[in-house]
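J.: What follows is the file data.tsv, containing TSV, C-alpha atoms:
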chain	number	residue	atom	x	y	z
A	61	MET	CA	-28.98	-27.62	-21.78
A	62	SER	CA	-25.85	-25.87	-23.06
A	63	ASP	CA	-25.54	-23.79	-19.88
A	64	LEU	CA	-25.85	-26.73	-17.49
A	65	LEU	CA	-23.49	-26.42	-14.53
A	66	THR	CA	-20.96	-29.23	-14.22
A	67	VAL	CA	-18.27	-29.67	-11.59
A	68	ARG	CA	-15.22	-31.93	-11.62
A	69	PRO	CA	-11.81	-32.10	-9.93
A	70	ALA	CA	-8.86	-30.26	-11.43
A	71	GLY	CA	-5.89	-32.06	-12.91
A	72	PRO	CA	-2.35	-30.98	-13.82
A	73	SER	CA	-3.38	-30.59	-17.47
A	74	ASP	CA	-5.93	-27.92	-16.44
A	75	ALA	CA	-3.22	-25.49	-15.30
A	76	GLY	CA	-3.40	-23.35	-18.44
A	77	ASP	CA	-7.18	-22.95	-18.29
A	78	ILE	CA	-7.07	-22.20	-14.57
A	79	CYS	CA	-4.36	-19.59	-15.15
A	80	GLY	CA	-6.57	-17.99	-17.79
A	81	LEU	CA	-9.51	-17.86	-15.37
A	82	LEU	CA	-7.40	-16.34	-12.60
A	83	ASN	CA	-6.02	-13.70	-14.94
A	84	ALA	CA	-9.55	-12.83	-16.05
A	85	VAL	CA	-10.40	-12.31	-12.37
A	86	ASP	CA	-7.17	-10.31	-11.88
A	87	LEU	CA	-8.12	-8.03	-14.75
A	88	ILE	CA	-11.48	-7.28	-13.15
A	89	GLU	CA	-10.21	-6.89	-9.57
A	90	ILE	CA	-6.81	-5.17	-9.97
A	91	GLY	CA	-6.78	-3.94	-13.55
A	92	ARG	CA	-4.19	-6.26	-15.06
A	93	PRO	CA	-3.41	-10.00	-15.22
A	94	GLU	CA	-0.74	-11.03	-12.68
A	95	THR	CA	-1.11	-14.81	-12.29
A	96	ASP	CA	1.79	-16.85	-13.64
A	97	LEU	CA	1.36	-20.36	-14.97
A	98	ALA	CA	4.19	-21.64	-12.75
A	99	ALA	CA	2.30	-20.54	-9.64
A	100	VAL	CA	-0.83	-22.43	-10.72
A	101	GLU	CA	1.22	-25.52	-11.53
A	102	ALA	CA	2.84	-25.32	-8.08
A	103	ASP	CA	-0.60	-25.22	-6.45
A	104	LEU	CA	-1.72	-28.25	-8.43
A	105	HIS	CA	1.39	-30.13	-7.30
A	106	HIS	CA	1.11	-29.04	-3.65
A	107	PRO	CA	2.28	-32.03	-1.58
A	108	ASP	CA	-0.68	-31.71	0.80
A	109	VAL	CA	-3.34	-31.55	-1.92
A	110	ASP	CA	-5.22	-34.57	-3.27
A	111	LEU	CA	-6.64	-33.07	-6.45
A	112	ALA	CA	-9.39	-35.69	-6.67
A	113	ARG	CA	-10.83	-34.56	-3.34
A	114	ASP	CA	-9.39	-31.07	-2.73
A	115	SER	CA	-9.99	-29.25	-6.03
A	116	TRP	CA	-12.99	-28.29	-8.14
A	117	LEU	CA	-13.62	-26.75	-11.55
A	118	ALA	CA	-17.08	-25.44	-12.43
A	119	PHE	CA	-18.18	-25.17	-16.07
A	120	GLU	CA	-21.24	-23.51	-17.57
A	121	GLY	CA	-21.88	-24.11	-21.24
A	122	GLY	CA	-18.49	-25.77	-21.45
A	123	ARG	CA	-16.75	-22.62	-20.18
A	124	LEU	CA	-14.63	-22.66	-17.02
A	125	VAL	CA	-16.26	-20.11	-14.68
A	126	ALA	CA	-14.99	-21.04	-11.20
A	127	TYR	CA	-12.11	-22.82	-9.48
A	128	ALA	CA	-11.49	-23.78	-5.86
A	129	LEU	CA	-8.79	-25.55	-3.89
A	130	VAL	CA	-8.35	-26.51	-0.21
A	131	TRP	CA	-5.31	-27.71	1.73
A	132	ALA	CA	-4.39	-28.33	5.36
A	133	ASP	CA	-0.69	-27.77	6.05
A	134	SER	CA	-1.06	-25.16	8.81
A	135	GLY	CA	-1.65	-27.41	11.82
A	136	PRO	CA	-4.62	-29.28	13.34
A	137	GLY	CA	-8.01	-27.80	12.47
A	138	ARG	CA	-6.62	-25.12	10.15
A	139	VAL	CA	-7.70	-25.36	6.52
A	140	ASP	CA	-6.79	-22.82	3.82
A	141	SER	CA	-8.45	-22.34	0.46
A	142	GLU	CA	-8.66	-20.50	-2.83
A	143	HIS	CA	-11.91	-19.61	-4.59
A	144	TYR	CA	-12.19	-17.76	-7.90
A	145	VAL	CA	-15.33	-17.10	-9.91
A	146	LEU	CA	-16.29	-14.93	-12.85
A	147	PRO	CA	-19.01	-12.33	-12.19
A	148	GLY	CA	-22.57	-13.44	-12.76
A	149	HIS	CA	-22.01	-17.11	-11.90
A	150	ARG	CA	-23.49	-17.22	-8.41
A	151	THR	CA	-24.68	-20.82	-8.62
A	152	ALA	CA	-21.19	-22.03	-9.50
A	153	ALA	CA	-19.71	-19.94	-6.69
A	154	VAL	CA	-22.08	-21.42	-4.13
A	155	ARG	CA	-21.58	-24.96	-5.37
A	156	LEU	CA	-17.82	-24.70	-4.90
A	157	LEU	CA	-18.13	-23.05	-1.49
A	158	GLU	CA	-20.35	-25.94	-0.38
A	159	ARG	CA	-17.81	-28.51	-1.52
A	160	MET	CA	-14.91	-26.61	0.03
A	161	GLU	CA	-16.67	-26.51	3.40
A	162	ILE	CA	-17.59	-30.20	3.34
A	163	ARG	CA	-14.03	-31.19	2.49
A	164	ALA	CA	-12.61	-28.76	5.08
A	165	ARG	CA	-14.64	-30.47	7.80
A	166	GLU	CA	-13.13	-33.77	6.74
A	167	LEU	CA	-9.62	-32.34	6.77
A	168	ALA	CA	-10.16	-30.72	10.18
A	169	ALA	CA	-11.22	-34.12	11.52
A	170	GLY	CA	-13.24	-32.73	14.41
A	171	ALA	CA	-10.41	-30.63	15.84
A	172	PRO	CA	-11.71	-28.08	18.37
A	173	GLY	CA	-11.86	-24.51	17.14
A	174	ALA	CA	-11.36	-25.58	13.52
A	175	TRP	CA	-11.72	-23.01	10.77
A	176	LEU	CA	-11.57	-22.56	7.01
A	177	ARG	CA	-9.73	-19.48	5.79
A	178	LEU	CA	-9.96	-17.71	2.42
A	179	GLN	CA	-8.33	-14.58	1.02
A	180	LEU	CA	-10.23	-12.39	-1.44
A	181	ASN	CA	-9.73	-9.00	-3.01
A	182	VAL	CA	-11.50	-6.26	-1.05
A	183	GLU	CA	-13.70	-5.78	-4.13
A	184	PRO	CA	-14.04	-9.40	-5.27
A	185	THR	CA	-15.86	-10.90	-8.20
A	186	LEU	CA	-17.69	-13.08	-5.66
A	187	ASP	CA	-21.12	-11.65	-4.76
A	188	ALA	CA	-20.68	-9.54	-1.61
A	189	ASP	CA	-23.44	-11.22	0.40
A	190	LEU	CA	-22.31	-14.82	-0.09
A	191	LEU	CA	-19.62	-15.17	2.55
A	192	PRO	CA	-21.37	-13.30	5.39
A	193	GLY	CA	-24.50	-15.28	4.58
A	194	ARG	CA	-22.58	-18.51	5.16
A	195	GLY	CA	-21.10	-17.38	8.48
A	196	TYR	CA	-17.74	-16.08	7.28
A	197	ARG	CA	-16.18	-12.99	8.88
A	198	THR	CA	-13.19	-10.87	7.98
A	199	VAL	CA	-10.26	-11.31	10.36
A	200	ARG	CA	-7.40	-9.49	8.65
A	201	ARG	CA	-6.50	-7.22	5.75
A	202	TYR	CA	-3.35	-7.46	3.66
A	203	GLN	CA	-1.90	-5.08	1.13
A	204	VAL	CA	0.20	-5.90	-1.87
A	205	MET	CA	2.57	-2.95	-2.13
A	206	THR	CA	4.81	-2.02	-5.04
A	207	ARG	CA	7.53	0.44	-5.86
A	208	THR	CA	9.01	1.60	-9.14
A	209	LEU	CA	12.77	1.05	-9.32
A	210	GLU	CA	15.34	3.40	-10.77
A	211	PRO	CA	17.60	1.50	-13.20
A	212	ASP	CA	20.78	3.04	-11.76
A	213	ARG	CA	19.85	2.61	-8.11
A	214	ALA	CA	23.02	2.27	-6.02
A	215	ALA	CA	23.51	-0.36	-3.34
A	216	PRO	CA	22.66	1.12	0.09
A	217	ALA	CA	25.18	1.72	2.83
A	218	PRO	CA	24.59	-0.63	5.78
A	219	PRO	CA	24.12	0.49	9.39
A	220	ALA	CA	27.33	0.58	11.40
A	221	GLY	CA	28.76	-2.88	11.90
A	222	LEU	CA	26.14	-4.70	9.85
A	223	THR	CA	27.32	-7.28	7.35
A	224	LEU	CA	25.24	-8.96	4.68
A	225	ARG	CA	25.91	-12.27	3.00
A	226	PRO	CA	24.03	-14.18	0.32
A	227	CYS	CA	22.58	-17.55	1.20
A	228	ASP	CA	24.42	-19.54	-1.43
A	229	GLY	CA	22.39	-22.72	-1.02
A	230	ASP	CA	24.72	-24.37	1.47
A	231	GLU	CA	22.70	-26.57	3.84
A	232	ALA	CA	23.87	-24.72	6.93
A	233	GLU	CA	22.95	-21.36	5.41
A	234	ARG	CA	19.50	-22.59	4.40
A	235	ARG	CA	18.97	-23.72	7.96
A	236	ARG	CA	20.03	-20.28	9.24
A	237	ALA	CA	17.56	-18.60	6.88
A	238	HIS	CA	14.82	-20.94	8.13
A	239	ALA	CA	15.63	-20.27	11.79
A	240	LEU	CA	15.63	-16.49	11.25
A	241	ILE	CA	12.30	-16.57	9.44
A	242	GLU	CA	10.73	-18.71	12.16
A	243	GLU	CA	12.01	-16.40	14.91
A	244	SER	CA	11.24	-13.08	13.24
A	245	PHE	CA	7.79	-14.09	11.98
A	246	ALA	CA	6.63	-15.95	15.10
A	247	GLU	CA	4.38	-13.04	16.19
A	248	HIS	CA	2.78	-12.55	12.79
A	249	PHE	CA	-0.88	-13.36	12.26
A	250	GLY	CA	-1.32	-16.63	10.41
A	251	HIS	CA	2.35	-17.64	10.64
A	252	VAL	CA	2.73	-21.39	10.33
A	253	GLU	CA	5.64	-22.85	12.27
A	254	ARG	CA	7.30	-25.51	10.12
A	255	PRO	CA	10.30	-27.74	10.84
A	256	TYR	CA	13.15	-27.28	8.40
A	257	GLY	CA	12.27	-30.16	6.05
A	258	PRO	CA	8.62	-29.22	5.42
A	259	TRP	CA	9.59	-25.54	5.27
A	260	LEU	CA	12.19	-26.25	2.59
A	261	ASP	CA	9.66	-28.26	0.56
A	262	HIS	CA	7.16	-25.41	0.86
A	263	ILE	CA	9.53	-22.51	0.10
A	264	ASP	CA	11.45	-24.29	-2.66
A	265	GLY	CA	8.43	-25.79	-4.43
A	266	ARG	CA	8.91	-23.65	-7.55
A	267	GLY	CA	12.71	-23.69	-7.49
A	268	LEU	CA	14.00	-20.87	-5.27
A	269	ASP	CA	17.13	-19.01	-6.43
A	270	TRP	CA	19.12	-19.03	-3.19
A	271	SER	CA	21.44	-16.29	-4.41
A	272	LEU	CA	18.43	-13.98	-3.92
A	273	VAL	CA	18.27	-14.74	-0.20
A	274	TRP	CA	20.44	-12.69	2.20
A	275	ILE	CA	21.30	-12.90	5.90
A	276	ALA	CA	22.22	-9.82	7.96
A	277	SER	CA	24.51	-9.93	11.00
A	278	LEU	CA	25.54	-7.51	13.77
A	279	PRO	CA	28.76	-7.86	15.79
A	280	ALA	CA	27.17	-8.24	19.23
A	281	LEU	CA	24.11	-10.23	18.18
A	282	GLY	CA	25.17	-12.48	15.30
A	283	ASP	CA	22.61	-13.22	12.59
A	284	VAL	CA	19.67	-10.87	13.08
A	285	GLY	CA	17.79	-10.52	9.79
A	286	VAL	CA	16.82	-12.29	6.60
A	287	LEU	CA	15.55	-11.20	3.20
A	288	LEU	CA	14.08	-13.97	1.03
A	289	THR	CA	13.09	-12.87	-2.47
A	290	ARG	CA	11.86	-14.44	-5.71
A	291	ASP	CA	12.39	-13.45	-9.32
A	292	ASP	CA	9.88	-15.87	-10.84
A	293	ARG	CA	6.94	-13.49	-11.38
A	294	THR	CA	6.32	-11.94	-14.77
A	295	SER	CA	5.11	-8.60	-13.47
A	296	MET	CA	7.63	-7.77	-10.73
A	297	GLY	CA	10.40	-8.90	-8.41
A	298	TRP	CA	8.98	-10.19	-5.13
A	299	LEU	CA	10.21	-9.69	-1.56
A	300	SER	CA	8.67	-12.76	0.01
A	301	HIS	CA	10.05	-12.56	3.57
A	302	LEU	CA	11.77	-9.66	5.29
A	303	GLY	CA	12.35	-10.42	8.95
A	304	VAL	CA	14.39	-8.96	11.82
A	305	VAL	CA	14.64	-10.68	15.20
A	306	ARG	CA	13.16	-8.78	18.13
A	307	ALA	CA	16.53	-8.01	19.77
A	308	ALA	CA	17.75	-6.15	16.67
A	309	ARG	CA	14.67	-4.11	15.82
A	310	GLY	CA	14.99	-0.34	15.80
A	311	ARG	CA	18.58	-0.44	14.51
A	312	GLY	CA	17.84	0.17	10.84
A	313	VAL	CA	18.23	-3.47	9.79
A	314	GLY	CA	14.77	-3.79	8.21
A	315	GLY	CA	15.11	-0.58	6.22
A	316	PHE	CA	18.54	-1.60	4.98
A	317	LEU	CA	17.29	-5.02	3.86
A	318	LEU	CA	14.41	-3.35	2.04
A	319	ARG	CA	16.72	-0.91	0.24
A	320	HIS	CA	19.08	-3.77	-0.58
A	321	GLY	CA	16.20	-5.61	-2.19
A	322	PHE	CA	15.35	-2.55	-4.27
A	323	ALA	CA	18.95	-2.22	-5.48
A	324	ALA	CA	19.34	-5.95	-6.19
A	325	TYR	CA	16.25	-6.05	-8.40
A	326	ALA	CA	17.10	-2.80	-10.15
A	327	ALA	CA	20.46	-4.39	-11.02
A	328	ARG	CA	18.58	-7.39	-12.45
A	329	GLY	CA	16.69	-5.06	-14.79
A	330	ARG	CA	13.40	-5.13	-12.93
A	331	SER	CA	11.28	-1.97	-13.08
A	332	THR	CA	9.00	-2.88	-10.17
A	333	VAL	CA	9.29	-4.73	-6.89
A	334	GLY	CA	6.45	-5.86	-4.64
A	335	LEU	CA	5.63	-7.50	-1.34
A	336	GLY	CA	2.66	-8.38	0.84
A	337	VAL	CA	2.05	-6.95	4.32
A	338	ASP	CA	-0.49	-7.45	7.09
A	339	THR	CA	-1.84	-3.95	7.74
A	340	ALA	CA	-2.04	-4.74	11.47
A	341	ASN	CA	1.50	-6.14	11.65
A	342	VAL	CA	2.82	-5.69	15.19
A	343	THR	CA	6.32	-4.77	13.99
A	344	GLY	CA	5.19	-1.64	12.14
A	345	ALA	CA	6.15	-3.06	8.75
A	346	LEU	CA	3.46	-1.12	6.88
A	347	ALA	CA	4.88	2.23	8.04
A	348	LEU	CA	8.40	1.12	7.08
A	349	TYR	CA	7.34	0.23	3.56
A	350	GLU	CA	5.37	3.44	3.13
A	351	ALA	CA	8.37	5.46	4.33
A	352	HIS	CA	10.41	3.81	1.58
A	353	GLY	CA	8.05	4.88	-1.19
A	354	MET	CA	5.98	1.72	-1.49
A	355	THR	CA	2.30	2.20	-2.28
A	356	MET	CA	-0.73	-0.05	-2.24
A	357	HIS	CA	-1.27	-2.01	-5.44
A	358	TYR	CA	-4.36	-3.79	-4.11
A	359	ALA	CA	-5.73	-5.15	-0.83
A	360	VAL	CA	-7.20	-8.48	0.20
A	361	ASN	CA	-9.35	-9.51	3.13
A	362	THR	CA	-8.85	-12.75	5.01
A	363	TRP	CA	-12.20	-14.43	5.64
A	364	GLU	CA	-12.73	-17.18	8.18
A	365	VAL	CA	-15.58	-19.56	9.02
A	366	ALA	CA	-15.83	-21.97	11.94
A	367	LEU	CA	-16.00	-25.60	10.88
A	368	HIS	CA	-18.72	-27.01	13.09
A	369	SER	CA	-19.49	-30.67	12.49
A	370	GLN	CA	-22.69	-31.34	10.65
A	371	GLY	CA	-25.40	-33.12	12.57
What is this structure when it is put down as structure tokens?

T.:
Amino acid sequence: MSDLLTVRPAGPSDAGDICGLLNAVDLIEIGRPETDLAAVEADLHHPDVDLARDSWLAFEGGRLVAYALVWADSGPGRVDSEHYVLPGHRTAAVRLLERMEIRARELAAGAPGAWLRLQLNVEPTLDADLLPGRGYRTVRRYQVMTRTLEPDRAAPAPPAGLTLRPCDGDEAERRRAHALIEESFAEHFGHVERPYGPWLDHIDGRGLDWSLVWIASLPALGDVGVLLTRDDRTSMGWLSHLGVVRAARGRGVGGFLLRHGFAAYAARGRSTVGLGVDTANVTGALALYEAHGMTMHYAVNTWEVALHSQG
């Protein structure tokens, strides 16, 4: 039959077709395609992914209709995943969910309290009843927020005493950026603590421009904040990590770093800048971003299912 469902692992040469599928899903869910080929290629070259066992492509009538990927780099018993499907292809969606869950149990290796986690648009192409019916529950909501940039935006004035320096790629400066991110993000939901080496491999997987990373210092406290950004997205500049250590919060450091990011990307000719935020962030980041004119572009839910061993 021409519409027979077939499933096989993904390979590096499938990146273009996968990117096309993800952009088709983007168009339905958020109104425009925003997946870049480089991001897909980075996923397919993830050091903790064995494509033969951790990835799946589903075809109906020779057409790619669904894609899934799992990986376990977040600690014992913690497995993350991606799952994309075109509307109207429920059988393909279920088939890939089944394979993801089987593989996740293998990756969790019987760890107590193991789970599989998946992020999906709040209005996904996946049929709404599928995840709850398989025991998944929502545990968090994130917003992708954006702001339009004025082309002549001036660099902001820093709070009294604050100095800002670019992380020029020197090993010591990279290590400072890593330490600041680990400290300032330690309380965040889903934060994965990584030693410097694995962190560098993870953050630099697509070739990070270290001149777009800045470290903020205060006289009495030393280095207190970090802004790590990326200019490798087609649609917008991206503020990947904005962190301020607990001892320096409430002194205007976060707002200054945010405004600095706006000015830096305006100077690079970008018309839009974006970031992702946990809506329940304990540091009040959502309110900070809203106060600086950022608005919700779209929202995603984090779904989680317990990985009980089969028996």

J.: Determine, for each residue of range 99-218 of chain A having at least one atom at most 12 Å from an atom of range 235-258 of chain A, the closest pair of atoms and their separation in Å to one decimal, counting all atoms listed in the file; order by chain and ascending number, as CSV.

T.:
residue,atom,partner,partner_atom,distance
A:His106,CA,A:Pro258,CA,11.8
A:Pro107,CA,A:Pro258,CA,9.9
A:Asp108,CA,A:Pro258,CA,10.7
A:Ala132,CA,A:Val252,CA,11.1
A:Asp133,CA,A:Val252,CA,8.4
A:Ser134,CA,A:Val252,CA,5.6
A:Gly135,CA,A:Val252,CA,7.6
A:Pro136,CA,A:Val252,CA,11.2
A:Arg138,CA,A:Gly250,CA,10.0
A:Val139,CA,A:Gly250,CA,11.5
A:Asp140,CA,A:Gly250,CA,10.6
A:Arg177,CA,A:Gly250,CA,10.0
A:Leu178,CA,A:Gly250,CA,11.8
A:Gln179,CA,A:Gly250,CA,11.9
A:Val199,CA,A:Phe249,CA,9.8
A:Arg200,CA,A:Phe249,CA,8.4
A:Arg201,CA,A:Phe249,CA,10.6
A:Tyr202,CA,A:Phe249,CA,10.7

J.: Could you check the closest approach to Ala326 in chain A for each of A:Pro184, A:Gly282, A:Pro211, A:Pro218 and tell me which residue wins, using only C-alpha atoms?

T.: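 Of A:Pro184, A:Gly282, A:Pro211, A:Pro218, the one nearest Ala326 in chain A is A:Pro211, counting only C-alpha atoms.
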
J.: Could you check which of A:Arg225, A:His262, A:His301, A:Arg197 is closest to Trp274 in chain A, using only C-alpha atoms?

T.: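 Result for the nearest residue to Trp274 in chain A: A:Arg225.
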
J.: Could you pull the residues within 12 Å of Thr198 in chain A, counting only C-alpha atoms, minus those fewer than 6 positions along the same chain, as a ChimeraX atom specification?

T.: /A:176-182,191-192,360-365

J.: Dump as CSV the rows for residues of range 223-279 of chain A within 9 Å of range 307-325 of chain A: closest atom pair and distance in Å with one decimal, all atoms listed in the file counted, ordered by chain and rising residue number.

T.:
residue,atom,partner,partner_atom,distance
A:Leu224,CA,A:Leu317,CA,8.9
A:Leu272,CA,A:Ala324,CA,8.4
A:Trp274,CA,A:Leu317,CA,8.5
A:Ala276,CA,A:Val313,CA,7.7
A:Leu278,CA,A:Ala308,CA,8.4

J.: Would you please work out which residue, of A:Ala174, A:Leu157, A:Cys227, A:Leu124, is nearest to Leu287 in chain A when using all atoms listed in the file?

T.: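 Of A:Ala174, A:Leu157, A:Cys227, A:Leu124, the one nearest Leu287 in chain A, counting all atoms listed in the file, is A:Cys227.
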
J.: Give me, please, the distance in Å between CA of Leu288 in chain A and CA of Val130 in chain A, quoted to one decimal.

T.: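 Interatomic distance, CA of Leu288 in chain A to CA of Val130 in chain A: 25.7 Å.
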
J.: Out of A:Leu209, A:Leu299, A:Leu281, A:Leu87, which residue has the shortest atom-to-atom distance to Ser331 in chain A when counting all atoms listed in the file?

T.: A:Leu209

J.: With a distance cut-off of 6 Å and only C-alpha atoms, select the neighbouring residues of Ser277 in chain A, excluding the residue or stretch itself and same-chain residues fewer than 5 positions from it, and output the selection as a VMD selection string.

T.: chain A and resid 222 to 223 282 to 284

J.: Using all atoms listed in the file, which residue out of A:Leu146, A:Leu335, A:Val342, A:Val273 lies closest to Asp230 in chain A?

T.: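 When distances to Asp230 in chain A are compared using all atoms listed in the file, the smallest one comes from A:Val273.
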
J.: Is it possible to add N, CA, C and O atoms to range 340-351 of chain A and hand it back as a PDB file, keeping the file's coordinate frame?

T.:
ATOM      1  N   ALA A 340      -2.075  -4.826  10.013  1.00  0.00           N
ATOM      2  CA  ALA A 340      -2.040  -4.740  11.470  1.00  0.00           C
ATOM      3  C   ALA A 340      -0.774  -5.367  12.045  1.00  0.00           C
ATOM      4  O   ALA A 340      -0.724  -5.713  13.229  1.00  0.00           O
ATOM      5  N   ASN A 341       0.254  -5.513  11.232  1.00  0.00           N
ATOM      6  CA  ASN A 341       1.500  -6.140  11.650  1.00  0.00           C
ATOM      7  C   ASN A 341       2.059  -5.452  12.896  1.00  0.00           C
ATOM      8  O   ASN A 341       2.205  -4.228  12.934  1.00  0.00           O
ATOM      9  N   VAL A 342       2.396  -6.251  13.907  1.00  0.00           N
ATOM     10  CA  VAL A 342       2.820  -5.690  15.190  1.00  0.00           C
ATOM     11  C   VAL A 342       4.198  -5.044  15.119  1.00  0.00           C
ATOM     12  O   VAL A 342       4.569  -4.275  16.016  1.00  0.00           O
ATOM     13  N   THR A 343       4.976  -5.328  14.095  1.00  0.00           N
ATOM     14  CA  THR A 343       6.320  -4.770  13.990  1.00  0.00           C
ATOM     15  C   THR A 343       6.354  -3.410  13.295  1.00  0.00           C
ATOM     16  O   THR A 343       7.421  -2.817  13.157  1.00  0.00           O
ATOM     17  N   GLY A 344       5.213  -2.922  12.832  1.00  0.00           N
ATOM     18  CA  GLY A 344       5.190  -1.640  12.140  1.00  0.00           C
ATOM     19  C   GLY A 344       5.703  -1.703  10.725  1.00  0.00           C
ATOM     20  O   GLY A 344       6.156  -0.691  10.170  1.00  0.00           O
ATOM     21  N   ALA A 345       5.605  -2.884  10.100  1.00  0.00           N
ATOM     22  CA  ALA A 345       6.150  -3.060   8.750  1.00  0.00           C
ATOM     23  C   ALA A 345       5.475  -2.147   7.729  1.00  0.00           C
ATOM     24  O   ALA A 345       6.139  -1.622   6.830  1.00  0.00           O
ATOM     25  N   LEU A 346       4.175  -1.953   7.858  1.00  0.00           N
ATOM     26  CA  LEU A 346       3.460  -1.120   6.880  1.00  0.00           C
ATOM     27  C   LEU A 346       4.058   0.286   6.841  1.00  0.00           C
ATOM     28  O   LEU A 346       4.302   0.828   5.757  1.00  0.00           O
ATOM     29  N   ALA A 347       4.307   0.881   7.997  1.00  0.00           N
ATOM     30  CA  ALA A 347       4.880   2.230   8.040  1.00  0.00           C
ATOM     31  C   ALA A 347       6.281   2.258   7.433  1.00  0.00           C
ATOM     32  O   ALA A 347       6.650   3.221   6.750  1.00  0.00           O
ATOM     33  N   LEU A 348       7.049   1.203   7.672  1.00  0.00           N
ATOM     34  CA  LEU A 348       8.400   1.120   7.080  1.00  0.00           C
ATOM     35  C   LEU A 348       8.323   1.129   5.570  1.00  0.00           C
ATOM     36  O   LEU A 348       9.070   1.871   4.902  1.00  0.00           O
ATOM     37  N   TYR A 349       7.436   0.323   5.019  1.00  0.00           N
ATOM     38  CA  TYR A 349       7.340   0.230   3.560  1.00  0.00           C
ATOM     39  C   TYR A 349       6.831   1.535   2.961  1.00  0.00           C
ATOM     40  O   TYR A 349       7.326   1.975   1.913  1.00  0.00           O
ATOM     41  N   GLU A 350       5.877   2.152   3.621  1.00  0.00           N
ATOM     42  CA  GLU A 350       5.370   3.440   3.130  1.00  0.00           C
ATOM     43  C   GLU A 350       6.469   4.501   3.168  1.00  0.00           C
ATOM     44  O   GLU A 350       6.588   5.318   2.237  1.00  0.00           O
ATOM     45  N   ALA A 351       7.286   4.486   4.206  1.00  0.00           N
ATOM     46  CA  ALA A 351       8.370   5.460   4.330  1.00  0.00           C
ATOM     47  C   ALA A 351       9.422   5.282   3.242  1.00  0.00           C
ATOM     48  O   ALA A 351      10.166   6.214   2.935  1.00  0.00           O
TER      49      ALA A 351
END
